[in-house]
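Q: To be precise about what I am sending: the file is called target.txt and holds compact mmCIF, C-alpha atoms and all ligand atoms.
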# COMPACT_ATOMS: atom_id res chain seq x y z
CA MET A 16 -15.78 252.23 16.98
CA SER A 17 -12.12 252.34 16.26
CA HIS A 18 -11.22 255.91 17.21
CA PRO A 19 -10.74 257.07 20.80
CA PRO A 20 -13.37 259.42 22.26
CA TYR A 21 -12.34 263.07 22.36
CA LEU A 22 -12.68 263.12 26.14
CA SER A 23 -10.37 260.64 27.82
CA PRO A 24 -9.69 261.89 31.39
CA GLY A 25 -6.59 259.71 31.82
CA TYR A 26 -4.98 261.89 29.15
CA ARG A 27 -5.13 265.22 30.96
CA SER A 28 -4.85 267.51 27.93
CA THR A 29 -8.22 266.28 26.64
CA LEU A 30 -10.08 267.85 29.59
CA LEU A 31 -10.17 271.40 28.17
CA ARG A 32 -9.81 270.52 24.51
CA ALA A 33 -12.41 267.81 23.88
CA PRO A 34 -15.55 269.26 22.24
CA ALA A 35 -18.62 268.77 24.46
CA HIS A 36 -21.19 268.76 21.63
CA PRO A 37 -21.52 265.65 19.51
CA PRO A 38 -20.25 266.16 15.94
CA VAL A 39 -22.93 267.18 13.41
CA PRO A 40 -23.66 264.91 10.43
CA PHE A 41 -23.65 266.55 7.01
CA THR A 42 -25.19 265.46 3.74
CA ALA A 43 -22.84 264.68 0.91
CA ASP A 44 -23.53 266.08 -2.54
CA PRO A 45 -21.29 266.71 -5.59
CA ASP A 46 -20.31 270.14 -4.22
CA THR A 47 -19.22 268.78 -0.83
CA ILE A 48 -15.54 269.65 -0.82
CA GLU A 49 -14.74 267.32 2.10
CA LEU A 50 -15.14 264.42 -0.34
CA THR A 51 -12.00 265.46 -2.20
CA SER A 52 -8.41 265.72 -1.09
CA PRO A 53 -5.21 267.40 -2.31
CA VAL A 54 -3.18 265.53 -4.92
CA PHE A 55 0.57 265.57 -4.30
CA GLY A 56 2.98 265.58 -7.24
CA HIS A 57 6.03 263.30 -7.29
CA ASP A 58 8.18 266.40 -7.83
CA GLU A 59 7.01 267.71 -4.46
CA VAL A 60 8.66 264.90 -2.49
CA GLY A 61 12.44 264.45 -2.59
CA ALA A 62 14.03 261.10 -3.51
CA LEU A 63 15.65 260.81 -0.04
CA ASP A 64 12.76 262.22 1.99
CA HIS A 65 11.80 258.66 3.06
CA ASP A 66 15.24 257.98 4.56
CA LEU A 67 15.62 259.71 7.92
CA THR A 68 19.15 258.34 8.34
CA ARG A 69 20.56 260.23 5.35
CA ARG A 70 19.52 263.80 6.00
CA HIS A 71 22.78 264.93 7.59
CA ALA A 72 26.50 264.55 6.98
CA GLY A 73 26.77 261.56 9.31
CA GLU A 74 24.56 258.68 10.40
CA PRO A 75 22.32 259.01 13.45
CA ILE A 76 22.97 256.97 16.59
CA GLY A 77 20.45 254.18 17.10
CA GLU A 78 19.08 250.90 15.90
CA ARG A 79 18.48 251.21 12.15
CA ILE A 80 14.99 250.07 11.11
CA ILE A 81 12.86 249.79 7.98
CA VAL A 82 9.15 250.50 8.40
CA THR A 83 6.85 249.62 5.55
CA GLY A 84 3.20 248.88 4.93
CA ARG A 85 0.20 249.64 2.78
CA VAL A 86 -2.36 252.41 2.94
CA LEU A 87 -5.80 250.95 2.18
CA ASP A 88 -9.40 252.00 2.33
CA ASP A 89 -11.85 249.96 4.37
CA THR A 90 -12.75 247.79 1.37
CA GLY A 91 -9.08 246.81 1.07
CA ARG A 92 -8.36 248.95 -2.00
CA PRO A 93 -4.84 250.41 -2.06
CA LEU A 94 -4.57 254.19 -1.97
CA ARG A 95 -1.98 255.14 -4.57
CA GLY A 96 0.14 258.26 -4.61
CA THR A 97 -1.09 259.41 -1.24
CA LEU A 98 1.17 261.41 1.06
CA VAL A 99 2.52 259.73 4.20
CA GLU A 100 4.44 261.87 6.70
CA LEU A 101 6.42 260.46 9.63
CA TRP A 102 8.06 262.15 12.61
CA GLN A 103 9.62 260.90 15.82
CA ALA A 104 12.02 261.33 18.73
CA ASN A 105 15.65 260.25 18.38
CA SER A 106 17.03 257.03 19.88
CA ALA A 107 17.43 258.76 23.26
CA GLY A 108 13.77 259.83 23.34
CA ARG A 109 14.39 263.49 22.48
CA TYR A 110 12.63 265.48 19.75
CA ALA A 111 14.48 268.00 17.61
CA HIS A 112 11.88 270.53 18.75
CA ASP A 113 12.64 273.77 20.64
CA LEU A 114 10.15 273.05 23.40
CA ASP A 115 11.21 269.47 24.20
CA ARG A 116 12.84 269.79 27.65
CA HIS A 117 13.61 266.11 28.22
CA PRO A 118 17.24 266.06 29.45
CA ALA A 119 18.37 263.47 26.90
CA PRO A 120 20.93 264.24 24.20
CA LEU A 121 20.05 265.69 20.83
CA ASP A 122 21.64 263.94 17.87
CA PRO A 123 23.17 266.37 15.35
CA CYS A 124 22.70 263.69 12.67
CA PHE A 125 18.98 263.19 13.28
CA THR A 126 16.02 265.51 12.75
CA GLY A 127 13.32 262.85 12.79
CA ALA A 128 11.02 263.92 9.94
CA GLY A 129 10.32 262.19 6.63
CA ARG A 130 7.69 261.86 3.94
CA CYS A 131 6.87 259.71 0.92
CA LEU A 132 4.12 258.94 -1.56
CA THR A 133 2.58 255.46 -1.71
CA ASP A 134 3.30 253.38 -4.81
CA ASP A 135 0.80 251.64 -7.12
CA GLU A 136 0.09 249.01 -4.46
CA GLY A 137 -0.47 251.65 -1.80
CA ARG A 138 2.88 250.84 -0.23
CA TYR A 139 5.11 253.24 1.71
CA ARG A 140 8.60 252.59 3.04
CA PHE A 141 10.76 254.52 5.50
CA VAL A 142 14.29 253.97 6.74
CA THR A 143 14.93 255.43 10.18
CA ILE A 144 16.20 254.56 13.64
CA LYS A 145 14.12 253.17 16.48
CA PRO A 146 12.93 256.02 18.71
CA GLY A 147 13.46 255.95 22.47
CA ALA A 148 10.75 256.11 25.11
CA TYR A 149 10.40 259.51 26.76
CA PRO A 150 8.86 260.93 29.95
CA TRP A 151 5.97 263.42 29.92
CA ARG A 152 4.15 265.26 32.66
CA ASN A 153 0.67 263.76 32.31
CA HIS A 154 0.91 262.01 35.69
CA PRO A 155 3.72 260.98 38.09
CA ASN A 156 6.32 258.78 36.39
CA ALA A 157 4.55 258.94 33.02
CA TRP A 158 6.47 257.57 30.03
CA ARG A 159 5.41 257.31 26.42
CA PRO A 160 6.17 253.94 24.79
CA ALA A 161 8.45 254.17 21.75
CA HIS A 162 6.34 255.38 18.82
CA LEU A 163 6.41 256.85 15.34
CA HIS A 164 3.93 259.62 14.46
CA PHE A 165 2.17 259.10 11.12
CA SER A 166 0.08 261.47 9.01
CA VAL A 167 -1.86 260.16 5.99
CA PHE A 168 -4.15 261.88 3.47
CA GLY A 169 -6.23 259.45 1.35
CA THR A 170 -8.68 260.56 -1.33
CA ALA A 171 -11.10 262.60 0.79
CA PHE A 172 -10.45 265.25 3.44
CA THR A 173 -12.71 263.15 5.68
CA GLN A 174 -10.18 260.29 5.44
CA ARG A 175 -7.38 262.43 6.86
CA LEU A 176 -5.65 260.51 9.65
CA VAL A 177 -2.93 261.30 12.15
CA THR A 178 -1.92 258.40 14.35
CA GLN A 179 0.99 256.72 16.14
CA MET A 180 2.68 253.39 15.51
CA TYR A 181 4.04 251.33 18.41
CA PHE A 182 6.56 248.48 18.62
CA PRO A 183 5.64 244.90 19.57
CA GLY A 184 6.32 243.87 23.14
CA ASP A 185 6.87 247.39 24.53
CA PRO A 186 6.24 247.08 28.29
CA LEU A 187 5.07 250.72 28.51
CA MET A 188 1.99 250.23 26.32
CA PRO A 189 -0.41 249.10 29.10
CA PHE A 190 0.45 252.24 31.11
CA ASP A 191 0.09 254.79 28.29
CA PRO A 192 -3.08 256.93 28.47
CA VAL A 193 -2.74 257.93 24.80
CA LEU A 194 -2.78 254.36 23.47
CA GLN A 195 -5.23 253.23 26.18
CA SER A 196 -7.66 256.02 25.21
CA ILE A 197 -8.80 253.61 22.48
CA PRO A 198 -11.47 251.56 24.26
CA ASP A 199 -11.31 248.44 22.10
CA ALA A 200 -8.32 246.14 22.68
CA ALA A 201 -8.41 244.84 19.09
CA ALA A 202 -8.32 248.42 17.80
CA ARG A 203 -5.32 249.23 20.02
CA GLU A 204 -3.58 246.17 18.61
CA ARG A 205 -3.89 247.67 15.11
CA LEU A 206 -1.47 250.43 16.14
CA VAL A 207 1.23 247.92 17.08
CA SER A 208 3.57 247.11 14.21
CA SER A 209 4.82 243.59 13.49
CA PHE A 210 8.45 242.55 13.37
CA SER A 211 9.20 241.03 9.96
CA LEU A 212 12.20 238.92 9.12
CA ASP A 213 11.25 239.29 5.44
CA VAL A 214 11.54 243.07 5.62
CA THR A 215 14.71 242.84 7.73
CA GLU A 216 17.82 243.33 5.60
CA PRO A 217 20.81 241.13 6.55
CA GLU A 218 23.77 242.91 8.12
CA TRP A 219 21.89 246.23 7.91
CA ALA A 220 18.46 246.92 9.46
CA LEU A 221 15.51 245.33 11.30
CA GLY A 222 12.14 245.38 9.51
CA TYR A 223 8.68 246.26 10.82
CA THR A 224 5.37 246.28 8.98
CA PHE A 225 2.42 248.58 9.69
CA ASP A 226 -0.66 248.82 7.45
CA ILE A 227 -2.93 251.84 7.67
CA VAL A 228 -6.65 251.52 6.87
CA LEU A 229 -8.51 254.78 6.30
CA GLY A 230 -12.21 255.33 6.85
CA ARG A 231 -14.87 255.11 4.20
CA THR A 232 -15.18 257.92 1.73
CA PRO A 233 -18.72 259.21 2.34
CA VAL A 234 -20.87 258.23 -0.62
CA GLU A 235 -22.88 260.92 -2.35
CA ASN A 236 -26.59 260.78 -1.65
CA PRO A 237 -28.53 259.53 -4.67
CA MET B 30 -11.42 245.97 6.85
CA THR B 31 -11.25 247.63 10.21
CA ILE B 32 -9.91 251.15 10.22
CA THR B 33 -6.78 252.38 11.95
CA PRO B 34 -7.54 254.39 15.10
CA SER B 35 -6.52 258.01 15.40
CA GLN B 36 -3.98 259.31 17.93
CA THR B 37 -3.08 262.86 18.92
CA VAL B 38 -0.62 264.85 16.81
CA GLY B 39 1.11 265.63 20.14
CA PRO B 40 3.03 268.80 20.97
CA PHE B 41 6.19 268.15 18.94
CA PHE B 42 5.37 268.33 15.23
CA ALA B 43 6.91 271.72 14.40
CA HIS B 44 10.14 270.17 13.04
CA ALA B 45 8.17 267.92 10.72
CA LEU B 46 4.80 269.12 9.46
CA PRO B 47 5.14 272.86 8.71
CA TYR B 48 6.92 273.73 5.44
CA PRO B 49 7.92 276.96 3.67
CA HIS B 50 4.95 279.14 2.64
CA ASP B 51 2.56 276.47 3.96
CA TRP B 52 -0.06 279.10 4.95
CA GLU B 53 0.07 280.86 1.57
CA LEU B 54 -2.30 279.12 -0.84
CA VAL B 55 -1.76 282.08 -3.17
CA PRO B 56 1.28 284.36 -3.51
CA PRO B 57 1.24 287.92 -2.18
CA GLY B 58 -0.75 290.28 -4.41
CA HIS B 59 -2.78 287.50 -5.99
CA PRO B 60 -5.96 289.04 -7.47
CA GLY B 61 -8.97 288.43 -5.25
CA ALA B 62 -6.91 286.91 -2.43
CA VAL B 63 -8.51 286.84 1.00
CA THR B 64 -6.86 286.57 4.38
CA LEU B 65 -8.39 284.18 6.88
CA GLU B 66 -7.21 284.63 10.44
CA GLY B 67 -8.28 283.88 13.96
CA ARG B 68 -7.44 282.06 17.15
CA VAL B 69 -7.84 278.55 18.49
CA LEU B 70 -9.20 278.57 22.06
CA ASP B 71 -9.75 275.85 24.65
CA GLY B 72 -12.62 275.28 27.09
CA ALA B 73 -11.22 277.86 29.53
CA GLY B 74 -11.02 280.46 26.76
CA ASP B 75 -7.23 280.20 26.74
CA PRO B 76 -5.28 280.20 23.46
CA VAL B 77 -4.07 276.87 22.09
CA PRO B 78 -0.42 277.51 21.17
CA ASP B 79 0.27 274.07 19.70
CA ALA B 80 -2.50 273.44 17.19
CA LEU B 81 -2.04 272.68 13.50
CA LEU B 82 -4.71 273.86 11.07
CA GLU B 83 -5.23 272.57 7.54
CA LEU B 84 -7.28 274.44 4.97
CA TRP B 85 -8.76 272.75 1.91
CA LEU B 86 -10.38 274.60 -1.00
CA GLY B 87 -11.79 271.55 -2.78
CA ARG B 88 -9.44 271.61 -5.78
CA THR B 89 -5.72 270.87 -5.95
CA GLY B 90 -4.79 273.90 -8.07
CA ASP B 91 -1.52 274.66 -9.81
CA ARG B 92 0.71 276.24 -7.15
CA GLY B 93 1.82 272.99 -5.52
CA ALA B 94 0.60 271.68 -2.20
CA LEU B 95 4.05 271.16 -0.59
CA ARG B 96 6.44 272.96 -2.93
CA ARG B 97 4.97 276.33 -3.69
CA GLY B 98 5.42 277.58 -7.23
CA ASP B 99 5.69 281.27 -8.06
CA GLY B 100 2.08 281.90 -8.99
CA GLY B 101 -1.30 280.28 -9.21
CA VAL B 102 -3.53 278.82 -6.55
CA SER B 103 -2.94 275.84 -4.27
CA GLY B 104 -5.96 274.12 -2.80
CA PHE B 105 -4.19 273.11 0.39
CA GLY B 106 -2.59 275.05 3.22
CA ARG B 107 -1.23 274.37 6.67
CA CYS B 108 -0.61 276.69 9.61
CA ALA B 109 0.70 275.99 13.13
CA THR B 110 -0.68 278.37 15.75
CA GLU B 111 1.53 281.02 17.37
CA PRO B 112 2.08 281.12 21.15
CA ASP B 113 -0.99 283.39 21.39
CA GLY B 114 -3.15 280.83 19.57
CA THR B 115 -3.39 282.81 16.32
CA TYR B 116 -3.25 281.42 12.80
CA ARG B 117 -3.42 282.94 9.34
CA PHE B 118 -3.99 281.83 5.74
CA ARG B 119 -3.82 283.77 2.49
CA THR B 120 -6.12 282.00 0.06
CA ALA B 121 -8.23 282.29 -3.05
CA PRO B 122 -11.96 282.42 -2.41
CA PRO B 123 -13.62 278.99 -2.56
CA ALA B 124 -15.86 277.99 -5.48
CA GLY B 125 -18.77 277.51 -3.07
CA PRO B 126 -19.73 279.32 0.13
CA TYR B 127 -17.27 277.65 2.48
CA LEU B 128 -13.73 276.39 3.05
CA SER B 129 -12.95 273.14 4.83
CA LEU B 130 -10.82 273.45 7.97
CA GLN B 131 -9.32 270.60 9.98
CA ILE B 132 -7.61 271.12 13.35
CA PHE B 133 -5.05 268.89 15.09
CA ALA B 134 -3.61 269.47 18.57
CA ARG B 135 -2.14 267.91 21.66
CA GLY B 136 -5.17 266.84 23.68
CA LEU B 137 -7.23 266.12 20.54
CA LEU B 138 -7.15 262.35 20.21
CA ARG B 139 -8.73 262.81 16.79
CA SER B 140 -8.72 265.89 14.56
CA VAL B 141 -11.83 268.06 14.40
CA LEU B 142 -13.33 269.06 11.05
CA THR B 143 -15.33 272.25 10.50
CA ARG B 144 -16.37 274.69 7.79
CA VAL B 145 -15.59 278.37 7.41
CA TYR B 146 -18.49 280.10 5.65
CA LEU B 147 -17.43 283.39 4.09
CA GLU B 148 -21.07 284.33 3.48
CA ASP B 149 -24.27 283.62 5.36
CA VAL B 150 -26.30 281.85 2.69
CA PRO B 151 -29.07 279.24 2.64
CA ASP B 152 -27.20 275.96 3.12
CA PRO B 153 -28.19 272.42 4.11
CA LEU B 154 -25.73 272.33 7.02
CA LEU B 155 -26.26 275.90 8.29
CA ASP B 156 -30.03 275.67 8.01
CA GLY B 157 -30.12 272.66 10.31
CA LEU B 158 -28.44 274.54 13.17
CA ASP B 159 -29.94 276.86 15.76
CA PRO B 160 -28.85 280.51 15.34
CA ALA B 161 -26.16 280.49 18.04
CA ARG B 162 -24.56 277.32 16.70
CA ARG B 163 -24.90 278.56 13.11
CA ALA B 164 -23.00 281.71 14.01
CA THR B 165 -19.93 279.68 14.99
CA LEU B 166 -19.43 278.73 11.31
CA LEU B 167 -19.67 282.26 9.90
CA ALA B 168 -16.46 284.23 9.41
CA THR B 169 -16.72 287.94 10.17
CA ARG B 170 -15.35 290.24 7.51
CA SER B 171 -13.47 293.49 7.56
CA GLY B 172 -12.10 294.48 4.16
CA ASP B 173 -10.24 291.55 2.63
CA THR B 174 -9.78 289.87 5.99
CA HIS B 175 -12.13 287.20 7.30
CA ARG B 176 -11.93 286.35 10.95
CA PHE B 177 -12.77 282.87 12.25
CA ASP B 178 -12.04 281.64 15.77
CA VAL B 179 -12.10 277.95 16.64
CA ARG B 180 -13.48 277.25 20.12
CA LEU B 181 -12.77 273.62 20.91
CA GLN B 182 -15.04 273.47 23.97
CA GLY B 183 -17.41 275.51 26.11
CA GLU B 184 -19.28 278.72 25.41
CA GLY B 185 -19.58 279.34 21.69
CA GLU B 186 -18.10 275.92 20.91
CA THR B 187 -17.53 275.66 17.17
CA VAL B 188 -19.74 273.25 15.28
CA PHE B 189 -17.65 270.23 14.26
CA LEU B 190 -18.66 267.73 11.61
CA ASP B 191 -19.22 264.01 11.99
CA PHE B 192 -16.73 262.25 9.72
FE FE C 301 5.59 261.58 20.38
Just give me the structure of the file as structure tokens.
A:
Amino acid sequence: MSHPPYLSPGYRSTLLRAPAHPPVPFTADPDTIELTSPVFGHDEVGALDHDLTRRHAGEPIGERIIVTGRVLDDTGRPLRGTLVELWQANSAGRYAHDLDRHPAPLDPCFTGAGRCLTDDEGRYRFVTIKPGAYPWRNHPNAWRPAHLHFSVFGTAFTQRLVTQMYFPGDPLMPFDPVLQSIPDAAARERLVSSFSLDVTEPEWALGYTFDIVLGRTPVENP
Amino acid sequence: MTITPSQTVGPFFAHALPYPHDWELVPPGHPGAVTLEGRVLDGAGDPVPDALLELWLGRTGDRGALRRGDGGVSGFGRCATEPDGTYRFRTAPPAGPYLSLQIFARGLLRSVLTRVYLEDVPDPLLDGLDPARRATLLATRSGDTHRFDVRLQGEGETVFLDF
């Protein structure tokens, strides 16, 4: 199993929020609306929405990066025209969110939210800056490794996925209860992006690749 | 291929995921519109102030999912809970007996998926549940408003689907 269990005591917030009952299977028939998903029009996503460094008058502080990859189903088929949303902390580890109390500076040139639709090969591409690590109150001296939050739709509401992408070699990963909630080491590894010299653009930005594989669309019962 | 594991949406998505009129699948005054509202509660019965709910009607519609047009019906809506754990959608009635509802929150390492039945009808999913569990999927109606609370854990825990 790839996904973490709902209850993962090392991550304290799961204690009162994890359902206690096992999830209930449902039969799929042509009227099962969970087998379909919203379709997003190209006119609903702005041409610059994928570039988090160009949303303000000036450029944000930080290490400029390109993050790209493909959204696939579990048979390897690309998912075209699907919505990918990304959000993150700034390079100092602070979110542009009213309730983030981390005493690190806000960046007036960085909000940290972007979106795009995948192309005909299922590919997405974002330009942003590398987020900083940040502390949280889960346990004494708790720090989240640098991460990007991703949200992906797919072709069925049952494929809906929200996840986090990490950076290779981050020393905080072994200590992070959110990443470590995934029991299988190989599955955890799938959330770590790869540095790519091919994606890196000379004199401009470092490149990382991160593919996202969504679950199977439930097949209708014969 | 092996699938990508889920991770929590975390507490800090409000600058990124909500968008204008996200909770309004239909504009005000739309004929036949229904309001769906309720609270998200945790295992202690306390409100969950940082959940994100997504409603899906089963058809994309013509109002736009992200950029709302002036009229028509969108099949998709999104609502972040208020500090008191409440949420609200204005929607068209579904073609069938239920709407699909998915909930994300800090402390949920994976989203939970449920159904909001606007009517208690014979149904393959409902009929397989004991009466107390069945009741967790039935919205209660007063006028044009349907009320549906999501209890993540504990007494009256909402039935969540395996997906
Ligand atoms: Fe985060």
Q: Give as a PyMOL selection string the residues surrounding ligand FE 301 (chain C) up to a distance of 7 Å, considering all atoms listed in the file.
A: (chain A and resi 103-104+162-164) or (chain B and resi 39+41)
Q: Give me, as an NGL selection string, the contact residues of chain B against chain A at a cut-off of 7 Å, counting all atoms listed in the file.
A: :B and (30-38 or 41 or 43-45 or 71-73 or 87-89 or 94-96 or 104-105 or 129 or 135-139 or 154 or 181-182 or 189-192)
Q: When distances are computed from only C-alpha atoms, which of A:Pro189, A:Asp134, A:Val214, A:Phe182 shows the smallest separation from Ala157 (chain A)?
A: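 With only C-alpha atoms as the atom set, the closest residue is A:Pro189.
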Q: Can I get the residues of region 104-144 of chain B within 7 Å of region 54-68 of chain B, each with the closest pair of atoms and their distance in Å to one decimal, using only C-alpha atoms, sorted chain first then ascending number, as a tab-separated table?
A:
residue	atom	partner	partner_atom	distance
B:Gly104	CA	B:Leu54	CA	6.5
B:Phe105	CA	B:Leu54	CA	6.4
B:Gly106	CA	B:Leu54	CA	5.8
B:Gly114	CA	B:Arg68	CA	5.1
B:Thr115	CA	B:Arg68	CA	4.2
B:Tyr116	CA	B:Glu66	CA	5.6
B:Arg117	CA	B:Glu66	CA	4.3
B:Phe118	CA	B:Leu65	CA	5.1
B:Arg119	CA	B:Thr64	CA	4.5
B:Thr120	CA	B:Leu54	CA	4.9
B:Ala121	CA	B:Ala62	CA	4.8
B:Pro122	CA	B:Val63	CA	6.6
Q: Can I get the selection written as a CSV table (one decimal), keeping the file's coordinate frame, with C-alpha atoms?
A:
chain,number,residue,atom,x,y,z
B,104,GLY,CA,-6.0,274.1,-2.8
B,105,PHE,CA,-4.2,273.1,0.4
B,106,GLY,CA,-2.6,275.0,3.2
B,114,GLY,CA,-3.2,280.8,19.6
B,115,THR,CA,-3.4,282.8,16.3
B,116,TYR,CA,-3.2,281.4,12.8
B,117,ARG,CA,-3.4,282.9,9.3
B,118,PHE,CA,-4.0,281.8,5.7
B,119,ARG,CA,-3.8,283.8,2.5
B,120,THR,CA,-6.1,282.0,0.1
B,121,ALA,CA,-8.2,282.3,-3.0
B,122,PRO,CA,-12.0,282.4,-2.4
Q: One decimal, in Å: what's the spacing between CA of Val150 (chain B) and CA of Gly125 (chain B)?
A: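 Taking CA of Val150 (chain B) and CA of Gly125 (chain B), their separation equals 10.4 Å.
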Q: Would you mind reading off the distance between CA of Leu155 (chain B) and CA of Arg170 (chain B), one decimal, in Å?
A: 18.0 Å
Q: So how far away is CA of Ser103 (chain B) from CA of Asp51 (chain B), in Å?
A: 9.9 Å
Q: Which residue is closest to Val179 (chain B)? Choose from B:Ala109, B:Ala164, B:Leu46, B:Val69 and count only C-alpha atoms.
A: B:Val69
Q: Quick one: residues within 10 Å of Thr224 (chain A), only C-alpha atoms, excluding same-chain residues fewer than 3 positions away - as a PyMOL selection string?
A: chain A and resi 81-85+140+182+207-211+213-214
Q: Hey, what's within 6 Å of Val145 (chain B) if we count all atoms listed in the file and toss same-chain stuff fewer than 4 positions away? As a tab-separated table (two decimals) with C-alpha atoms, keeping the file's coordinate frame, please?
A:
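Everything below was put into around.tsv:
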chain	number	residue	atom	x	y	z
B	127	TYR	CA	-17.27	277.65	2.48
B	128	LEU	CA	-13.73	276.39	3.05
B	166	LEU	CA	-19.43	278.73	11.31
